[in-house]
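Student: Before we start, here is the structure in question, set down as structure tokens.
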Amino acid sequence: MTDATDRTADAPRRRFRAYREYKKSGVEWLGEIPAHWDIAPVYARYEVALGKMLDAKRVTGESSGKYLRNIDVQWNAINVANLPEMDFPPSERNRYLLRPGDLLVCEGGEVGRTALWDGELDECFYQKAIHRVRPSADSENPRFFYFLMYALAKRGVFAAGGNPNTIDHRTAVSLRHYRLPFPPASEQRAIANHLDRETAKIDALVARKERLIGLLQEKSTALITRAVTRGLDPNVPMKDSGVEWLGKIPAHWKLKRLRHIVHHIEQGWSPDCENREATADEWGVLKAGCVNRGTFLESEHKALPSTLSPIPALEIKKGDLLMSRASGSRDLVGSVAVVPECRPQLLLCDKVFRLHTHSSAGHREFVGYAMNSRAVRWQIESVISGGSGLASNISQEAVKDLVLAQPPPTEEQEIAGSIDGETTRIDALIAKVRQAIGHLNELRSGLVSAAVTGKIDVREAVPR
């Protein structure tokens, strides 16, 4: 963690005073706590229960009810739209029925991810991948417990010992026995209220910055689209392209289908890989997310098991033109990027195409920008396959049929160079905004952690 990050995380401690008196907690990751706070296992304060296991073979449709899955529970948010259903006979309904004030804690995935059930539906149940954590007494404040779980998750307390091959999960038994800090009831309420107010302000700032990133990305796309369909000279003679969605193009440009620019489309290999990045001396296989909105991300790969032999012909090289073939997100299907300098021993996966252009048919950088323009994106959207909830795909034949406006080779290079300069400036701005978002998120985590572990006293904090 950088010094800047440390300063951001420590900001809450500089802003608030500490408690007057502390004592040892007896919990290694926690350290000291305020002298009047208690340390108790979760089971002493909350009832922890695991949801019902789904058995598709035994679904009859009788006594059916909607239920939540792990994916439906996000931090401080619960999806209740289009929930699946399964049988909850009378003998089980009370056991798995949610009540306002229940906390829902994810057993796996992002272990400890928590949300508070506020009665969004009159009747709803929950699946086995979720722990229902219910206060044993009215004096307990579920919002305080929510922030406590957030702090633990962000500090990595639930991580699986750093083993990259271990899938993190926490059983109900282990969750029940976690020893956590608990202030008096009135103080739990004061801390939760303060954190609700302050995190809402930080979240609003993050949302504004994310909107700014969206605007900058739109500006970049508009700049690229204009350059690859109109060129750089605003005074050049224009002609009707004959294509309604494209409009006019420079009179000396031509329309070409990609099949006349690309002589071969290559598809990779996706073996079962280890759930980690490859080390410097290992082979890795790219993931579908390696090509994202015009940017190549070499970190988006998984290590090839030592028991499998790599296919050297599939190794990625600088200058390769890659295209996302399939993705769970429709918006990412068809994303194109030219590979810059990258680490060796990365293999093409079957979710990504490698486009081999004719040496005389098109400048790769120009083709890459053209493929990410609105003019081509509109065509890609119209040929993507895959229904709602399924992975979306684009076929090789559909890719070959895409239409591009193509200038002479020397002009292609000039346009690509101009776009490089403009988008580099925009990308630098986006990077700064992302960095600011990172600092805000660190500030949020630091504030929550310091408050719920008693490192700062927020009871008399003045809203500002």
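Following the order of the structure tokens, chains are lettered A, B, ..., residues in each are numbered from 1, and ligands are numbered from 1.
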Considering only C-alpha atoms, return as a list of chain:residue names whatever protein or nucleic-acid residues lie within 8 Å of range 175-187 of chain A, sequence-local ones (same chain, fewer than 6 positions apart) excluded.
Tutor: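 Answer for this query is A:Val27, A:Ile33, A:His36, A:Trp37, A:Asp38, A:Ile39, A:Ala40, A:Pro41, A:Val42, A:Tyr43, A:Glu47, A:Val48, A:Ser139, A:Glu140, A:Asn141, A:Val452, A:Thr453, A:Arg459.
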Student: Restricting the output to C-alpha atoms, write the selected residues as a CSV table (one decimal), in the first residue's frame.
Tutor:
chain,number,residue,atom,x,y,z
A,27,VAL,CA,-8.4,-10.6,19.0
A,33,ILE,CA,-11.0,-1.5,21.9
A,36,HIS,CA,-16.5,0.0,27.9
A,37,TRP,CA,-17.0,-2.1,24.8
A,38,ASP,CA,-17.6,-5.8,24.8
A,39,ILE,CA,-16.0,-8.6,22.8
A,40,ALA,CA,-18.4,-11.5,22.1
A,41,PRO,CA,-18.9,-14.3,19.6
A,42,VAL,CA,-21.5,-13.6,17.0
A,43,TYR,CA,-23.8,-16.4,18.3
A,47,GLU,CA,-28.8,-16.0,15.4
A,48,VAL,CA,-27.0,-17.3,12.3
A,139,SER,CA,-31.0,-3.8,21.7
A,140,GLU,CA,-28.8,-5.0,18.8
A,141,ASN,CA,-28.5,-2.6,15.9
A,452,VAL,CA,-16.8,0.2,14.2
A,453,THR,CA,-13.6,-0.9,15.9
A,459,ARG,CA,-20.7,10.0,19.1
Student: Find the spatial neighbours of Phe16 in chain A, counting only C-alpha atoms, within a cut-off of 8 Å - ignore same-chain residues fewer than 4 positions away - and output them as number ranges by chain.
Tutor: A: 12, 456-458, 461
Student: Which residue, A:Arg113, A:Lys52, A:His358, A:Lys248, has the smallest gap to Ile71 in chain A when you use only C-alpha atoms?
Tutor: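 Ranking A:Arg113, A:Lys52, A:His358, A:Lys248 by distance to Ile71 in chain A, first place goes to A:Arg113.
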Student: Excluding same-chain residues fewer than 2 positions from Asp196 in chain A, what lies within 12 Å of it counting only C-alpha atoms, as a list in words?
Tutor: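 Here the qualifying residues turn out to be Asn76, Arg143, Phe144, Tyr146, Phe147, Arg189, Ala190, Ile191, Ala192, Asn193, His194, Glu198, Thr199, Ala200, Lys201, Ile202, Asp203, Arg444, Leu447, Val448, Ala451 and Pro463 of chain A.
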Student: Here is a test: counting only C-alpha atoms, which residue of A:Val352, A:Cys124, A:Leu116, A:Ala153 is nearest to Lys66 in chain A?
Tutor: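 Closest to Lys66 in chain A of all the choices is A:Cys124.
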Student: Between A:Cys349, A:Ala35, A:Val367, A:Ala129, which has the minimum distance to Thr171 in chain A (counting only C-alpha atoms)?
Tutor: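 With only C-alpha atoms as the atom set, the closest residue is A:Ala129.
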Student: Please measure the separation of CA of Arg276 in chain A and CA of Ala303 in chain A, giving the value in Å to one decimal.
Tutor: 6.0 Å
Student: Between A:Gln406, A:Ser270, A:Ser25, A:Ser327, single out the one closest to Ala251 in chain A, counting only C-alpha atoms.
Tutor: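 Among A:Gln406, A:Ser270, A:Ser25, A:Ser327, it is A:Gln406 that comes nearest to Ala251 in chain A.
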Student: Suppose you want the space between CA of Met53 in chain A and CA of Tyr96 in chain A; what is it in Å?
Tutor: 10.9 Å
Student: What's the 8 Å shell around Pro135 in chain A, counting only C-alpha atoms, without same-chain residues fewer than 2 positions away, as a VMD selection string?
Tutor: chain A and resid 45 to 47 101 to 102 133 137 to 138 140 to 142
Student: Just want the 8 Å neighbourhood of Glu298 in chain A, counted on only C-alpha atoms, with same-chain residues fewer than 4 positions away dropped. Output as a compact mmCIF listing (two decimals) with C-alpha atoms, in the first residue's frame.
Tutor:
# COMPACT_ATOMS: atom_id res chain seq x y z
CA LEU A 286 -6.35 -14.82 -21.47
CA CYS A 290 -8.74 -8.94 -21.60
CA CYS A 342 2.94 -7.18 -22.99
CA ARG A 343 4.45 -10.01 -21.01
Student: In Å, rounded to a single decimal, give me how far CA of Arg377 in chain A is from CA of Val291 in chain A.
Tutor: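 So the two atoms, CA of Val291 in chain A and CA of Arg377 in chain A, lie 14.9 Å apart.
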Student: Measuring atom to atom with only C-alpha atoms, identify which of A:Val376, A:Ala280, A:Ala326, A:Gly421 is nearest to Thr225 in chain A.
Tutor: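 Once distances to Thr225 in chain A are computed over only C-alpha atoms, the minimum belongs to A:Val376.
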Student: For Ser449 in chain A, which residue out of A:Gly319, A:Gly156, A:Gly26, A:Pro340 is the nearest one, using only C-alpha atoms?
Tutor: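 Closest candidate: A:Gly156.
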Student: Excluding Asn372 in chain A and any residue of its chain fewer than 5 positions from it, enumerate the residues within 9 Å of it, using only C-alpha atoms, and give them as an MDAnalysis selection string.
Tutor: chainID A and resid 221 224:225 293:294 334:337 367 377
Student: As number ranges by chain, please: the residues near His260 in chain A (cut-off 9 Å, only C-alpha atoms, same-chain neighbours under 4 positions excluded).
Tutor: A: 256, 357-358, 361, 400
Student: Per DSSP on the backbone, filter range 210-311 of chain A down to the residues in helix (DSSP H, G or I) and report them as a list of chain:residue names.
Tutor: A:Glu210, A:Arg211, A:Leu212, A:Ile213, A:Gly214, A:Leu215, A:Leu216, A:Gln217, A:Glu218, A:Lys219, A:Ser220, A:Thr221, A:Ala222, A:Leu223, A:Ile224, A:Thr225, A:Arg226, A:Ala227, A:Val228, A:Thr229, A:Arg230, A:Leu258, A:Arg259, A:His260, A:Ala288, A:Gly289, A:Cys290
